[in-house]
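S.K.: For reference, this is structure-v9.cif, and it has mmCIF, C-alpha atoms and all ligand atoms.
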data_protein
loop_
_atom_site.label_atom_id
_atom_site.label_comp_id
_atom_site.auth_asym_id
_atom_site.auth_seq_id
_atom_site.Cartn_x
_atom_site.Cartn_y
_atom_site.Cartn_z
CA MET Q 1 0.52 -15.15 -24.41
CA GLU Q 2 0.90 -17.40 -21.35
CA LEU Q 3 3.82 -16.33 -19.16
CA THR Q 4 5.12 -17.88 -15.97
CA GLU Q 5 5.41 -15.65 -12.88
CA GLY Q 6 9.22 -15.87 -13.22
CA GLU Q 7 8.99 -14.64 -16.83
CA ILE Q 8 6.73 -11.78 -15.72
CA GLN Q 9 9.22 -10.76 -13.01
CA VAL Q 10 12.17 -10.80 -15.42
CA LEU Q 11 10.28 -8.92 -18.13
CA ALA Q 12 9.22 -6.22 -15.64
CA SER Q 13 12.77 -6.04 -14.28
CA ILE Q 14 14.39 -5.60 -17.70
CA HIS Q 15 11.82 -2.88 -18.43
CA LEU Q 16 12.72 -1.09 -15.20
CA LEU Q 17 16.48 -1.38 -15.85
CA GLU Q 18 16.08 -0.10 -19.42
CA SER Q 19 13.96 2.83 -18.20
CA ASP Q 20 16.80 3.73 -15.81
CA GLY Q 21 19.25 3.60 -18.75
CA ARG Q 22 20.93 0.49 -17.33
CA VAL Q 23 22.01 -2.71 -19.06
CA ALA Q 24 20.12 -5.86 -18.04
CA ASP Q 25 23.16 -8.07 -17.49
CA ASP Q 26 23.40 -10.92 -14.95
CA THR Q 27 24.63 -8.64 -12.14
CA ALA Q 28 21.89 -6.05 -12.66
CA LEU Q 29 19.23 -8.77 -12.87
CA ASP Q 30 20.53 -10.45 -9.70
CA GLN Q 31 20.37 -7.12 -7.84
CA ARG Q 32 16.90 -6.46 -9.18
CA GLY Q 33 15.82 -9.95 -8.09
CA GLU Q 34 16.52 -9.04 -4.47
CA HIS Q 35 13.64 -6.55 -4.63
CA TYR Q 36 11.24 -9.48 -4.85
CA TRP Q 37 12.41 -10.78 -1.46
CA ILE Q 38 10.77 -14.17 -0.67
CA PHE Q 39 8.46 -13.76 -3.66
CA LYS Q 40 11.25 -14.14 -6.23
CA GLU Q 41 10.63 -17.09 -8.53
CA ASP Q 42 13.48 -19.21 -9.89
CA TRP Q 43 14.87 -17.07 -12.73
CA THR Q 44 17.20 -19.80 -14.10
CA GLY Q 45 16.78 -20.06 -17.87
CA VAL Q 46 14.00 -17.46 -17.89
CA CYS Q 47 15.78 -15.01 -20.23
CA GLU Q 48 16.34 -17.84 -22.72
CA ALA Q 49 12.65 -18.81 -22.49
CA LEU Q 50 11.61 -15.17 -23.04
CA SER Q 51 13.97 -15.01 -26.01
CA GLN Q 52 12.27 -18.06 -27.56
CA LYS Q 53 8.94 -16.28 -27.12
CA GLY Q 54 10.35 -13.27 -28.97
CA LEU Q 55 10.04 -10.93 -25.98
CA VAL Q 56 13.76 -10.33 -25.29
CA ARG Q 57 16.94 -10.78 -27.24
CA GLY Q 58 20.45 -11.40 -26.01
CA SER Q 59 23.27 -9.03 -26.87
CA GLU Q 60 26.96 -8.98 -25.98
CA VAL Q 61 26.26 -6.85 -22.92
CA GLY Q 62 22.98 -8.27 -21.66
CA TRP Q 63 19.28 -8.77 -22.41
CA LYS Q 64 17.09 -6.27 -24.25
CA LEU Q 65 13.33 -6.08 -24.69
CA THR Q 66 12.03 -6.57 -28.22
CA GLY Q 67 9.21 -4.49 -29.71
CA ALA Q 68 6.78 -7.18 -28.56
CA GLY Q 69 8.36 -7.46 -25.09
CA ARG Q 70 8.42 -3.74 -24.24
CA PRO Q 71 4.65 -3.13 -23.83
CA LEU Q 72 4.30 -6.35 -21.83
CA GLY Q 73 7.23 -5.34 -19.61
CA ALA Q 74 5.61 -1.93 -19.06
CA LYS Q 75 2.25 -3.52 -18.24
CA TYR Q 76 3.63 -5.96 -15.67
CA ARG Q 77 5.94 -3.36 -14.16
CA ALA Q 78 2.94 -1.05 -13.60
CA GLU Q 79 0.66 -3.82 -12.36
CA ARG Q 80 3.11 -5.66 -10.05
CA SER Q 81 5.31 -2.72 -9.30
CA ASP Q 82 7.18 -4.08 -6.30
CA MET Q 83 7.49 -6.95 -3.84
CA TYR Q 84 4.67 -5.39 -1.82
CA TRP Q 85 2.20 -6.33 -4.54
CA TYR Q 86 3.23 -9.97 -4.12
CA TYR Q 87 3.09 -9.61 -0.36
CA TYR Q 88 -0.37 -8.08 -0.44
CA GLN Q 89 -1.67 -10.68 -2.92
CA ARG Q 90 -0.67 -13.37 -0.45
CA PHE Q 91 -1.54 -11.40 2.67
CA TYR Q 92 -5.17 -10.54 1.84
CA THR Q 93 -5.98 -14.09 0.70
CA ALA Q 94 -4.49 -15.51 3.90
CA ALA Q 95 -5.88 -12.84 6.25
CA ALA Q 96 -9.46 -13.29 5.00
CA ALA Q 97 -9.45 -16.85 6.39
CA SER Q 98 -7.11 -16.38 9.36
CA ALA Q 99 -8.48 -16.58 12.91
CA ALA Q 100 -5.03 -15.49 14.16
CA HIS Q 101 -5.17 -12.32 12.08
CA SER Q 102 -8.70 -11.54 13.28
CA GLU Q 103 -7.48 -11.83 16.85
CA LEU Q 104 -4.41 -9.70 16.11
CA CYS Q 105 -6.66 -6.97 14.69
CA ARG Q 106 -8.90 -7.06 17.76
CA ARG Q 107 -5.87 -6.72 20.07
CA ALA Q 108 -3.97 -4.10 18.05
CA PHE Q 109 -6.79 -2.06 16.46
CA GLY Q 110 -9.75 -2.71 18.78
CA GLU Q 111 -11.87 -4.40 16.09
CA ASP Q 112 -11.23 -6.80 13.21
CA LEU Q 113 -11.48 -4.92 9.92
CA THR Q 114 -8.61 -6.91 8.28
CA GLN Q 115 -6.41 -3.87 8.85
CA GLU Q 116 -2.94 -3.76 7.37
CA GLY Q 117 -2.14 -0.17 8.30
CA GLN Q 118 -1.74 1.54 11.67
CA THR Q 119 -5.07 3.30 12.22
CA ASP Q 120 -6.74 1.91 15.32
CA MET Q 121 -10.49 2.29 15.81
CA ALA Q 122 -10.20 5.40 18.02
CA SER Q 123 -8.07 7.17 15.37
CA LEU Q 124 -10.36 6.00 12.56
CA GLU Q 125 -13.38 7.50 14.36
CA ILE Q 126 -11.59 10.86 14.63
CA GLY Q 127 -10.83 10.75 10.90
CA LEU Q 128 -14.42 9.83 10.03
CA GLU Q 129 -15.89 12.57 12.23
CA ALA Q 130 -13.88 15.13 10.26
CA LEU Q 131 -15.34 14.01 6.91
CA PRO Q 132 -18.70 14.93 5.34
CA LEU Q 133 -20.30 11.47 5.53
CA GLY Q 134 -23.97 10.69 5.08
CA ARG Q 135 -26.47 8.86 2.89
CA ASP Q 136 -25.91 11.29 0.02
CA SER Q 137 -22.14 11.24 0.07
CA HIS Q 138 -19.78 9.32 -2.16
CA VAL Q 139 -16.54 8.28 -0.48
CA LEU Q 140 -13.29 6.90 -1.87
CA ASP Q 141 -11.14 4.61 0.29
CA LEU Q 142 -7.78 4.69 -1.48
CA GLY Q 143 -5.74 1.59 -0.64
CA CYS Q 144 -8.82 -0.18 0.71
CA GLY Q 145 -7.24 -3.65 0.91
CA ALA Q 146 -9.95 -6.26 1.52
CA GLY Q 147 -12.51 -3.48 1.94
CA ALA Q 148 -13.67 -4.12 5.51
CA ILE Q 149 -12.91 -0.51 6.54
CA ALA Q 150 -14.85 0.77 3.50
CA GLU Q 151 -17.72 -1.52 4.49
CA TYR Q 152 -17.58 -0.28 8.09
CA VAL Q 153 -17.73 3.35 6.91
CA SER Q 154 -20.75 2.62 4.72
CA ASP Q 155 -22.51 0.58 7.42
CA GLN Q 156 -21.98 3.34 10.00
CA THR Q 157 -22.94 6.32 7.83
CA GLY Q 158 -25.04 5.01 4.93
CA ALA Q 159 -22.53 6.59 2.52
CA ARG Q 160 -21.79 5.09 -0.88
CA VAL Q 161 -18.17 3.96 -0.69
CA THR Q 162 -15.81 3.03 -3.51
CA GLY Q 163 -12.75 1.05 -2.45
CA LEU Q 164 -9.69 1.12 -4.66
CA ASP Q 165 -6.56 -1.00 -4.45
CA TYR Q 166 -3.98 -2.47 -6.84
CA THR Q 167 -4.08 -5.91 -5.18
CA SER Q 168 -6.46 -8.04 -7.24
CA ASN Q 169 -6.91 -10.70 -4.52
CA ALA Q 170 -7.97 -8.00 -2.04
CA ILE Q 171 -10.51 -6.54 -4.46
CA ALA Q 172 -11.88 -10.03 -5.24
CA ALA Q 173 -12.26 -10.75 -1.49
CA ALA Q 174 -13.98 -7.39 -0.92
CA GLU Q 175 -16.41 -7.92 -3.78
CA ALA Q 176 -17.28 -11.46 -2.71
CA ARG Q 177 -17.86 -10.46 0.92
CA THR Q 178 -20.05 -7.41 0.17
CA GLU Q 179 -22.10 -8.80 -2.72
CA GLY Q 180 -25.35 -8.08 -0.86
CA LYS Q 181 -24.41 -4.42 -0.32
CA SER Q 182 -23.53 -3.53 -3.91
CA ASP Q 183 -26.01 -0.62 -3.88
CA ARG Q 184 -23.62 1.29 -1.60
CA LEU Q 185 -20.27 -0.50 -1.91
CA SER Q 186 -18.11 -0.99 -4.98
CA PHE Q 187 -14.50 -1.99 -5.43
CA ARG Q 188 -12.02 -1.34 -8.19
CA MET Q 189 -8.55 -2.58 -8.99
CA ALA Q 190 -6.28 0.31 -9.95
CA ASN Q 191 -2.78 1.66 -9.36
CA PHE Q 192 -3.05 5.24 -8.10
CA ASN Q 193 0.33 6.05 -9.64
CA THR Q 194 -1.21 5.84 -13.09
CA MET Q 195 -4.75 7.12 -12.32
CA GLU Q 196 -6.17 10.29 -13.81
CA PRO Q 197 -8.45 12.64 -11.80
CA GLU Q 198 -12.19 11.88 -11.76
CA PRO Q 199 -13.38 15.49 -11.51
CA GLY Q 200 -16.03 16.28 -8.90
CA THR Q 201 -16.63 12.62 -8.00
CA TYR Q 202 -15.98 12.22 -4.28
CA ASP Q 203 -17.37 14.13 -1.30
CA ALA Q 204 -14.78 12.48 0.90
CA ILE Q 205 -11.51 10.65 0.31
CA LEU Q 206 -10.03 8.48 3.04
CA SER Q 207 -6.57 6.98 2.74
CA MET Q 208 -4.66 5.25 5.48
CA ASP Q 209 -0.99 4.27 5.28
CA THR Q 210 -1.14 3.97 1.52
CA LEU Q 211 0.48 7.04 0.00
CA TYR Q 212 3.96 5.76 0.97
CA TRP Q 213 3.77 3.93 -2.38
CA ALA Q 214 3.27 7.09 -4.42
CA ASP Q 215 5.99 7.38 -7.10
CA ASP Q 216 5.30 11.13 -7.22
CA LEU Q 217 3.31 12.26 -4.18
CA LYS Q 218 2.59 15.71 -5.59
CA ARG Q 219 1.09 14.20 -8.74
CA VAL Q 220 -1.02 11.67 -6.80
CA LEU Q 221 -2.22 14.35 -4.37
CA GLY Q 222 -3.11 16.60 -7.31
CA MET Q 223 -5.05 13.71 -8.88
CA LEU Q 224 -6.96 13.15 -5.61
CA THR Q 225 -7.67 16.86 -5.11
CA GLY Q 226 -8.96 16.99 -8.68
CA SER Q 227 -11.37 14.15 -7.87
CA LEU Q 228 -13.02 15.93 -4.91
CA ALA Q 229 -16.49 17.39 -5.36
CA PRO Q 230 -16.95 21.07 -4.34
CA GLY Q 231 -17.03 21.21 -0.53
CA GLY Q 232 -15.34 17.81 -0.36
CA ARG Q 233 -12.58 16.80 2.02
CA MET Q 234 -9.73 14.30 2.27
CA ALA Q 235 -8.47 12.54 5.40
CA LEU Q 236 -4.99 11.09 4.91
CA PHE Q 237 -3.19 9.15 7.65
CA MET Q 238 0.60 8.94 7.26
CA ASN Q 239 3.68 8.30 9.38
CA HIS Q 240 6.78 10.43 9.08
CA HIS Q 241 10.22 9.05 10.06
CA VAL Q 242 13.48 10.95 10.40
CA ASP Q 243 17.02 9.57 10.43
CA ALA Q 244 19.18 9.44 13.57
CA GLY Q 245 20.87 12.78 14.18
CA GLU Q 246 18.32 14.83 12.24
CA PRO Q 247 17.02 17.85 14.19
CA ALA Q 248 13.70 17.38 16.02
CA GLU Q 249 11.96 20.05 13.92
CA GLN Q 250 12.32 17.76 10.88
CA LEU Q 251 9.60 15.64 12.50
CA GLY Q 252 7.01 18.36 11.93
CA ALA Q 253 4.05 17.62 9.66
CA ASP Q 254 5.13 20.39 7.28
CA GLN Q 255 8.52 18.65 6.84
CA SER Q 256 6.98 15.30 5.90
CA SER Q 257 6.76 14.23 2.26
CA LEU Q 258 3.00 14.78 2.31
CA GLY Q 259 3.33 18.16 4.06
CA ARG Q 260 5.76 19.29 1.36
CA ALA Q 261 3.47 18.06 -1.44
CA ILE Q 262 0.52 19.92 0.14
CA ARG Q 263 2.58 23.12 0.28
CA ALA Q 264 3.84 22.71 -3.28
CA LEU Q 265 0.24 22.44 -4.51
CA GLY Q 266 -0.83 25.48 -2.44
CA LEU Q 267 -3.48 23.43 -0.59
CA LYS Q 268 -4.86 24.26 2.83
CA THR Q 269 -4.57 21.56 5.48
CA LYS Q 270 -5.53 20.98 9.07
CA VAL Q 271 -3.27 18.50 10.83
CA VAL Q 272 -4.20 16.22 13.72
CA ASP Q 273 -1.12 14.88 15.51
CA PHE Q 274 -1.36 11.18 16.43
CA SER Q 275 2.33 10.83 17.29
CA ALA Q 276 1.54 10.18 20.96
CA ASN Q 277 -0.50 7.09 19.97
CA ILE Q 278 1.95 5.36 17.65
CA GLY Q 279 4.13 3.90 20.43
CA ALA Q 280 1.20 2.24 22.19
CA PHE Q 281 -0.15 0.97 18.87
CA TRP Q 282 3.15 -0.74 17.96
CA GLU Q 283 3.49 -2.21 21.45
CA ARG Q 284 0.06 -3.83 21.04
CA ASN Q 285 0.74 -4.88 17.44
CA TYR Q 286 4.15 -6.39 18.27
CA ALA Q 287 2.91 -8.14 21.42
CA ALA Q 288 -0.03 -9.63 19.49
CA ALA Q 289 2.21 -10.83 16.62
CA VAL Q 290 4.64 -12.48 19.07
CA ALA Q 291 1.86 -14.07 21.15
CA LEU Q 292 -0.07 -15.34 18.10
CA LYS Q 293 2.99 -16.46 16.06
CA GLY Q 294 2.36 -20.14 16.85
CA GLN Q 295 -1.29 -19.87 15.80
CA PHE Q 296 -0.31 -18.10 12.56
CA GLU Q 297 2.22 -20.88 11.86
CA ALA Q 298 -0.31 -23.64 12.57
CA GLU Q 299 -2.61 -22.01 9.99
CA GLY Q 300 0.24 -21.90 7.45
CA ASN Q 301 0.27 -18.10 7.77
CA GLY Q 302 3.53 -17.71 9.68
CA PHE Q 303 4.73 -15.10 7.15
CA ILE Q 304 2.18 -12.58 8.52
CA ALA Q 305 3.55 -12.76 12.07
CA GLU Q 306 7.16 -12.85 10.82
CA SER Q 307 6.67 -9.79 8.67
CA LEU Q 308 5.05 -7.80 11.51
CA ILE Q 309 7.72 -8.84 14.00
CA ARG Q 310 10.50 -7.91 11.57
CA GLU Q 311 8.85 -4.56 10.81
CA ALA Q 312 8.51 -3.80 14.53
CA GLU Q 313 12.04 -4.88 15.47
CA GLU Q 314 13.90 -3.43 12.49
CA GLU Q 315 11.94 -0.24 11.95
CA TYR Q 316 9.31 0.90 14.40
CA LEU Q 317 10.36 0.06 17.95
CA SER Q 318 13.76 1.76 17.75
CA ASP Q 319 12.37 4.80 15.90
CA ILE Q 320 9.65 5.15 18.54
CA HIS Q 321 12.12 4.69 21.40
CA GLU Q 322 14.42 7.35 19.92
CA GLY Q 323 11.58 9.77 19.12
CA ARG Q 324 12.18 9.58 15.36
CA ILE Q 325 8.64 8.92 14.20
CA ALA Q 326 5.51 11.04 14.00
CA ARG Q 327 2.02 10.18 12.79
CA TYR Q 328 -0.35 12.70 11.29
CA LEU Q 329 -3.86 12.94 9.93
CA PHE Q 330 -3.93 15.54 7.16
CA LEU Q 331 -7.38 17.02 6.47
CA ILE Q 332 -7.43 18.73 3.09
CA ASP Q 333 -10.42 20.63 1.69
CA ALA Q 334 -11.35 20.83 -1.97
CA PRO Q 335 -9.83 24.03 -3.36
CA GLY Q 336 -12.06 27.03 -4.04
C1 LIG Q 401 -0.43 -0.58 4.54
S1 LIG Q 401 -1.78 -1.14 3.58
C2 LIG Q 401 -3.11 -0.21 4.31
C3 LIG Q 401 -4.45 -0.83 4.03
C4 LIG Q 401 -5.65 -0.11 4.68
N1 LIG Q 401 -5.76 1.25 4.22
C5 LIG Q 401 -5.53 -0.14 6.18
O1 LIG Q 401 -5.33 0.90 6.80
O2 LIG Q 401 -5.66 -1.24 6.75
C6 LIG Q 401 -1.52 -0.30 2.02
C7 LIG Q 401 -2.53 -0.66 0.95
O3 LIG Q 401 -2.22 0.11 -0.21
C8 LIG Q 401 -2.33 -0.71 -1.37
N2 LIG Q 401 -1.45 -0.11 -2.39
C9 LIG Q 401 -0.09 0.03 -2.34
N3 LIG Q 401 0.36 0.63 -3.45
C10 LIG Q 401 -0.72 0.88 -4.22
C11 LIG Q 401 -0.89 1.49 -5.49
N4 LIG Q 401 0.16 1.95 -6.17
N5 LIG Q 401 -2.14 1.61 -6.00
C12 LIG Q 401 -3.22 1.13 -5.30
N6 LIG Q 401 -3.11 0.53 -4.09
C13 LIG Q 401 -1.88 0.42 -3.55
C14 LIG Q 401 -1.91 -2.09 -0.89
O4 LIG Q 401 -2.41 -3.13 -1.71
C15 LIG Q 401 -2.50 -2.12 0.51
O5 LIG Q 401 -3.81 -2.62 0.51
#
Using the file provided, produce a representation of the structure as structure tokens.
M.R.:
Amino acid sequence: MELTEGEIQVLASIHLLESDGRVADDTALDQRGEHYWIFKEDWTGVCEALSQKGLVRGSEVGWKLTGAGRPLGAKYRAERSDMYWYYYQRFYTAAAASAAHSELCRRAFGEDLTQEGQTDMASLEIGLEALPLGRDSHVLDLGCGAGAIAEYVSDQTGARVTGLDYTSNAIAAAEARTEGKSDRLSFRMANFNTMEPEPGTYDAILSMDTLYWADDLKRVLGMLTGSLAPGGRMALFMNHHVDAGEPAEQLGADQSSLGRAIRALGLKTKVVDFSANIGAFWERNYAAAVALKGQFEAEGNGFIAESLIREAEEEYLSDIHEGRIARYLFLIDAPG
């Protein structure tokens, strides 16, 4: 059945509200709509249109999914789980053709690998050196985006790399760009929140600034651990923020969400502390976004600069200034 993007958003939203035991009335739907930020479609008349398609029905208190609407709502909620999916769909398409973004990556990261995280080239090299990488190894890059980092890893080491991401435009761009390297590079669209372990598959798993989107970090980490081959190792880069007034010891790696998940699973980890680098990284990233804003706008990609500037000003710069952010690389060995 053909659905408009607005119908998909409303269907997914009613599914989410129903799962939370809430009624999908106008107020709840309006609140839910805010989660889509600038990617919210016009929802006027959408419930009525969905009702005509037999996917929802109106009641005295609000809208309810029908038997036909529920599986579709579940599917779209899993596939386009948040506004970030919409952001990344737009971002990776734009970034692939953006000279401004290439320049931003060179200034902030040291090289253009269409990065969207916070791992500069020096940090990436430290992560890669800690992993068992060679011609015989199979590597997973979880949250690979447009796959340029996965490609770099394979080019540098000869390893076979699988890139995985839930953003279909990013996977399409990665596949198109690396067509001639398909013997050692493959890409897959998947949501790690619903993935099952692939036992013994990967000698190394790399994931940078991606596990923030885990619905249940312990479950996702267990799934990843279960996918490591014997002797395999994971390298996971993550930031850890604390609120104003929280004691300094809360910034420790063991107090972070990933540190707690590692402990809960009884895994062994070695932590490399990159907290001293995060301030300089954001200064470069922010300065580049401000300086290149005009070029981004001229390309029609102003949203990339705006989003980075907002992220820096509203989140990172004050946290860094007040010492409320840490950045860690967690190295986790396959159990046994
Ligand atoms: C901050 S970006 C980091 C990208 C890349 N690792 C880097 O360092 O440049 C996070 C990536 O995770 C992906 N992502 C977010 N949630 C996901 C999920 N549930 N399943 C799969 N990929 C997801 C996004 O599409 C995005 O490419």
S.K.: Compile the contact shell of Ser257 (chain Q) as a list of chain:residue names: residues with an atom at most 12 Å away, counting only C-alpha atoms, same-chain residues fewer than 3 positions apart removed.
M.R.: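 What passes the distance filter is Q:Leu211, Q:Tyr212, Q:Trp213, Q:Ala214, Q:Asp215, Q:Asp216, Q:Leu217, Q:Lys218, Q:Leu221, Q:Met238, Q:Asn239, Q:His240, Q:His241, Q:Val242, Q:Gln250, Q:Leu251, Q:Gly252, Q:Ala253, Q:Asp254, Q:Arg260, Q:Ala261, Q:Ile262, Q:Arg263, Q:Ala264, Q:Tyr328, Q:Phe330.
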S.K.: When you count all atoms listed in the file, which of these residues is closest to ligand LIG 401 (chain Q): Q:Glu79, Q:Asp209, Q:Glu7, Q:Glu306?
M.R.: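 With all atoms listed in the file as the atom set, the closest residue is Q:Asp209.
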S.K.: Can you work out the spacing between CA of Ser102 (chain Q) and CA of His35 (chain Q) in Å, to one decimal?
M.R.: 29.1 Å
S.K.: Please, what distance in Å, to one decimal, runs between CA of Val220 (chain Q) and CA of Tyr166 (chain Q)?
M.R.: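 Straight-line distance from CA of Val220 (chain Q) to CA of Tyr166 (chain Q) works out to 14.4 Å.
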S.K.: Box for ligand LIG 401 (chain Q) - axis-aligned, 5 Å on each of the six sides, all listed atoms - centre and size in Å to one decimal, as lines of an AutoDock Vina configuration file.
M.R.:
center_x = -2.7
center_y = -0.6
center_z = 0.3
size_x = 16.1
size_y = 15.1
size_z = 23.0
S.K.: Provide the CA of Gly336 (chain Q) to CA of Pro230 (chain Q) distance in Å, to one decimal place.
M.R.: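 Interatomic distance, CA of Gly336 (chain Q) to CA of Pro230 (chain Q): 7.7 Å.
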S.K.: Could you tell me which of Q:Ala97, Q:Leu29, Q:Ala148, Q:Ile304 comes closest to ligand LIG 401 (chain Q) if we count all atoms listed in the file?
M.R.: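 For ligand LIG 401 (chain Q), the nearest of the candidates is Q:Ala148.
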S.K.: Please tabulate, as a Markdown table, the residues of chain Q that come within 9 Å of ligand LIG 401 (chain Q), each with its closest pair of atoms and the distance in Å to one decimal, counting all atoms listed in the file and ordering rows by chain, then residue number upward.
M.R.:
| residue | atom | partner | partner_atom | distance |
| --- | --- | --- | --- | --- |
| Q:Ala78 | CA | Q:LIG401 | N4 | 8.5 |
| Q:Glu79 | CA | Q:LIG401 | N4 | 8.5 |
| Q:Ser81 | CA | Q:LIG401 | N4 | 7.6 |
| Q:Asp82 | CA | Q:LIG401 | N3 | 8.8 |
| Q:Tyr84 | CA | Q:LIG401 | C9 | 7.2 |
| Q:Trp85 | CA | Q:LIG401 | O4 | 6.3 |
| Q:Tyr87 | CA | Q:LIG401 | O4 | 8.6 |
| Q:Tyr88 | CA | Q:LIG401 | O4 | 5.5 |
| Q:Gln89 | CA | Q:LIG401 | O4 | 7.7 |
| Q:Tyr92 | CA | Q:LIG401 | O5 | 8.1 |
| Q:Leu113 | CA | Q:LIG401 | O2 | 7.6 |
| Q:Thr114 | CA | Q:LIG401 | O2 | 6.6 |
| Q:Gln115 | CA | Q:LIG401 | O2 | 3.4 |
| Q:Glu116 | CA | Q:LIG401 | O2 | 3.8 |
| Q:Gly117 | CA | Q:LIG401 | O1 | 3.7 |
| Q:Gln118 | CA | Q:LIG401 | O1 | 6.1 |
| Q:Thr119 | CA | Q:LIG401 | O1 | 5.9 |
| Q:Asp120 | CA | Q:LIG401 | O1 | 8.7 |
| Q:Asp141 | CA | Q:LIG401 | N1 | 7.5 |
| Q:Leu142 | CA | Q:LIG401 | N6 | 6.8 |
| Q:Gly143 | CA | Q:LIG401 | O3 | 3.8 |
| Q:Cys144 | CA | Q:LIG401 | N1 | 4.9 |
| Q:Gly145 | CA | Q:LIG401 | O5 | 3.6 |
| Q:Ala146 | CA | Q:LIG401 | O5 | 7.2 |
| Q:Gly147 | CA | Q:LIG401 | C4 | 8.1 |
| Q:Ala148 | CA | Q:LIG401 | O2 | 8.6 |
| Q:Ile149 | CA | Q:LIG401 | O2 | 7.3 |
| Q:Leu164 | CA | Q:LIG401 | C12 | 6.5 |
| Q:Asp165 | CA | Q:LIG401 | N6 | 3.8 |
| Q:Tyr166 | CA | Q:LIG401 | C12 | 4.0 |
| Q:Thr167 | CA | Q:LIG401 | O4 | 4.7 |
| Q:Ser168 | CA | Q:LIG401 | O4 | 8.4 |
| Q:Ala170 | CA | Q:LIG401 | O5 | 7.3 |
| Q:Met189 | CA | Q:LIG401 | C12 | 7.5 |
| Q:Ala190 | CA | Q:LIG401 | C12 | 5.6 |
| Q:Asn191 | CA | Q:LIG401 | N5 | 3.4 |
| Q:Phe192 | CA | Q:LIG401 | N5 | 4.3 |
| Q:Asn193 | CA | Q:LIG401 | N4 | 5.4 |
| Q:Thr194 | CA | Q:LIG401 | N4 | 8.1 |
| Q:Met195 | CA | Q:LIG401 | N5 | 8.8 |
| Q:Leu206 | CA | Q:LIG401 | N1 | 8.5 |
| Q:Ser207 | CA | Q:LIG401 | N1 | 6.0 |
| Q:Met208 | CA | Q:LIG401 | N1 | 4.3 |
| Q:Asp209 | CA | Q:LIG401 | C1 | 4.9 |
| Q:Thr210 | CA | Q:LIG401 | C6 | 4.3 |
| Q:Leu211 | CA | Q:LIG401 | N3 | 7.3 |
| Q:Tyr212 | CA | Q:LIG401 | N3 | 7.7 |
| Q:Trp213 | CA | Q:LIG401 | N3 | 4.9 |
| Q:Ala214 | CA | Q:LIG401 | N4 | 6.3 |
| Q:Asp215 | CA | Q:LIG401 | N4 | 8.0 |
| Q:Phe237 | CA | Q:LIG401 | O1 | 8.6 |
S.K.: For each of Q:Gly231, Q:Gly54, Q:Gly6, Q:Gly134, take the minimum atom-to-atom distance to Arg184 (chain Q), counting only C-alpha atoms, then give the residue where this is smallest.
M.R.: Q:Gly134
S.K.: For a quick check of understanding, using all atoms listed in the file, which of Q:Pro199, Q:Gly163, Q:Gly323, Q:Gly279 has the smallest distance to Ala244 (chain Q)?
M.R.: Q:Gly323
S.K.: Kindly indicate which residue among Q:Phe281, Q:Trp43, Q:Phe187, Q:Phe91 lies nearest to Ala172 (chain Q), using only C-alpha atoms for the distances.
M.R.: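 Distance minimum relative to Ala172 (chain Q) lands on Q:Phe187.
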S.K.: List the spatial neighbours of Ala288 (chain Q) as a compact mmCIF listing (two decimals) with C-alpha atoms, in the coordinates of the input - criterion: any atom at most 9 Å away, only C-alpha atoms, same-chain residues fewer than 3 positions off excluded.
M.R.:
# COMPACT_ATOMS: atom_id res chain seq x y z
CA GLU Q 103 -7.48 -11.83 16.85
CA LEU Q 104 -4.41 -9.70 16.11
CA CYS Q 105 -6.66 -6.97 14.69
CA ARG Q 107 -5.87 -6.72 20.07
CA ALA Q 108 -3.97 -4.10 18.05
CA GLU Q 283 3.49 -2.21 21.45
CA ARG Q 284 0.06 -3.83 21.04
CA ASN Q 285 0.74 -4.88 17.44
CA ALA Q 291 1.86 -14.07 21.15
CA LEU Q 292 -0.07 -15.34 18.10
CA LYS Q 293 2.99 -16.46 16.06
CA ALA Q 305 3.55 -12.76 12.07
S.K.: Give me, as a count of residues only, all polymer residues having an atom no more than 7 Å from region 269-272 of chain Q, counting all atoms listed in the file and skipping those fewer than 2 positions away in the same chain.
M.R.: 7
